[in-house]
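Colleague: Sharing a structure with you now.
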Amino acid sequence: MVGFKATDVPPTATVKFLGAGTAACIADLITFPLDTAKVRLQIQGESQGPVRATASAQYRGVLGTILTMVRTEGPRSLYNGLVAGLQRQMSFASVRIGLYDSVKQFYTKGSERTSPNVARNAIVNCAELVTYDLIKDALLTANLMTDDLPCHFTSAFGAGFCTTVIASPVDVVKTRYMNSALGQYSSAGHCALTMLQKEGPRAFYKGFMPSFLRLGSWNVVMFVTYEQLKRALMAACTSREAPF
């Protein structure tokens, strides 16, 4: 067994919320430069926009983008907007991730196969949760791995890849649209259509590698930390409540 041992007592809602928020913040701290590089690569090529001055430099690849930003804007530029990101993770991720297990157990109680219902009702926003859950469940059901750190790592890495494939087109359009000059696009749909006509379908996966590196590493750090925090907190609660 690698990492903290699973307890017989299921984690409480407080443990899930606290663990999820803390794990998400740790993941954000580690992977934030990758997200910054991803945005710079996605908006590269736009002729206008509020970030034109910083986007004028030609970025080549993830490492090249990070090195260029450090050289031209300083190391702190990689963490622009970090505070807002941490606030978002502590509030949003704690609910989104912490509540997932409880909601899933409520709606699938009494059924050995939770998976089709969960997958069918999933939306892109929770793709990482659903794919993580499905991959982990498949590995455990097939007895390929036990419920410990290597299983959590593999599931999180797979979830990061699947989420990137699903979310990249929406993410690129969102980034382009939000960073465009006023009146450049009439809507997000117009932005997507313009991208398709001028740059072709591959434009929707511009910056795929930094997106995958960001989401893959974020998922690995977040889910592994979350699973370990849940077990550590529950072990601490159980030992404190145990009679002497």
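In the structure tokens, each chain is lettered A, B, ... as it comes, each chain's residues begin at 1, and ligands are numbered from 1 in order of appearance.
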If we count only C-alpha atoms, what is near Ser211 (chain A) at a cut-off of 10 Å, once residues fewer than 2 positions away on the same chain are taken out, given as a PyMOL selection string?

Modeller: chain A and resi 34-39+41-42+62+160-161+163-165+167-168+171-172+205-209+213-217

Colleague: Mind checking which residues fall within 12 Å of Ala84 (chain A), counting only C-alpha atoms, ignoring those fewer than 5 positions away in the same chain, and posting them as a ChimeraX atom specification?

Modeller: /A:25,28-29,32,79,89-92

Colleague: Using N, CA, C and O atoms, can you export the residues from the last selection as a PDB file, in the first residue's frame?

Modeller:
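Once everything was written out, this is again_30.pdb:
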ATOM      1  N   CYS A  25      -5.962  24.001  -4.438  1.00  0.00           N
ATOM      2  CA  CYS A  25      -5.048  25.141  -4.293  1.00  0.00           C
ATOM      3  C   CYS A  25      -3.595  24.707  -4.491  1.00  0.00           C
ATOM      4  O   CYS A  25      -2.809  25.410  -5.133  1.00  0.00           O
ATOM      5  N   ASP A  28      -3.061  24.215  -8.139  1.00  0.00           N
ATOM      6  CA  ASP A  28      -2.972  25.501  -8.840  1.00  0.00           C
ATOM      7  C   ASP A  28      -1.603  26.151  -8.651  1.00  0.00           C
ATOM      8  O   ASP A  28      -1.043  26.726  -9.595  1.00  0.00           O
ATOM      9  N   LEU A  29      -1.070  26.088  -7.442  1.00  0.00           N
ATOM     10  CA  LEU A  29       0.240  26.675  -7.159  1.00  0.00           C
ATOM     11  C   LEU A  29       1.328  26.053  -8.034  1.00  0.00           C
ATOM     12  O   LEU A  29       2.216  26.738  -8.537  1.00  0.00           O
ATOM     13  N   PHE A  32       0.250  26.688 -12.240  1.00  0.00           N
ATOM     14  CA  PHE A  32      -0.211  27.983 -12.748  1.00  0.00           C
ATOM     15  C   PHE A  32       0.619  28.524 -13.921  1.00  0.00           C
ATOM     16  O   PHE A  32       0.053  29.070 -14.876  1.00  0.00           O
ATOM     17  N   TYR A  79       2.821  34.155 -12.674  1.00  0.00           N
ATOM     18  CA  TYR A  79       1.822  33.980 -11.621  1.00  0.00           C
ATOM     19  C   TYR A  79       0.832  35.134 -11.549  1.00  0.00           C
ATOM     20  O   TYR A  79       0.175  35.323 -10.530  1.00  0.00           O
ATOM     21  N   GLN A  89     -10.482  28.366  -6.539  1.00  0.00           N
ATOM     22  CA  GLN A  89     -10.327  26.942  -6.237  1.00  0.00           C
ATOM     23  C   GLN A  89     -10.852  26.612  -4.844  1.00  0.00           C
ATOM     24  O   GLN A  89     -11.497  25.591  -4.646  1.00  0.00           O
ATOM     25  N   MET A  90     -10.573  27.488  -3.873  1.00  0.00           N
ATOM     26  CA  MET A  90     -10.976  27.204  -2.493  1.00  0.00           C
ATOM     27  C   MET A  90     -12.490  27.223  -2.354  1.00  0.00           C
ATOM     28  O   MET A  90     -13.052  26.459  -1.561  1.00  0.00           O
ATOM     29  N   SER A  91     -13.153  28.063  -3.146  1.00  0.00           N
ATOM     30  CA  SER A  91     -14.615  28.133  -3.048  1.00  0.00           C
ATOM     31  C   SER A  91     -15.287  27.180  -4.026  1.00  0.00           C
ATOM     32  O   SER A  91     -16.172  26.403  -3.645  1.00  0.00           O
ATOM     33  N   PHE A  92     -14.848  27.204  -5.288  1.00  0.00           N
ATOM     34  CA  PHE A  92     -15.518  26.423  -6.330  1.00  0.00           C
ATOM     35  C   PHE A  92     -15.147  24.944  -6.277  1.00  0.00           C
ATOM     36  O   PHE A  92     -16.015  24.065  -6.301  1.00  0.00           O
TER      37      PHE A  92
END

Colleague: If you count only C-alpha atoms, which residues fall within 9 Å of Val15 (chain A), apart from same-chain ones fewer than 2 positions away, as a list in words?

Modeller: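 In the requested format, the answer is Pro11, Thr12, Ala13, Phe17, Leu18, Gly19, Ala20, Gly98, Leu229, Lys230, Leu233 and Met234 of chain A.
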
Colleague: If we count only C-alpha atoms and set the cut-off at 9 Å, which residues sit around Val224 (chain A), ignoring sequence neighbours fewer than 2 positions away in its own chain? Please answer as a list of chain:residue names.

Modeller: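 So the residues in contact are A:Ala23, A:Leu149, A:Pro150, A:His152, A:Phe153, A:Ala156, A:Asn219, A:Val220, A:Val221, A:Met222, A:Tyr226, A:Glu227, A:Gln228, A:Leu229.
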
Colleague: For a quick check of understanding, using only C-alpha atoms, which of A:Leu139, A:Pro33, A:Thr194, A:Gln184 has the smallest distance to Asn80 (chain A)?

Modeller: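 Counting only C-alpha atoms, the residue closest to Asn80 (chain A) is A:Pro33.
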
Colleague: What is the distance between CA of Tyr59 (chain A) and CA of Arg40 (chain A), in Å to one decimal?

Modeller: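 So the answer is 7.8 Å.
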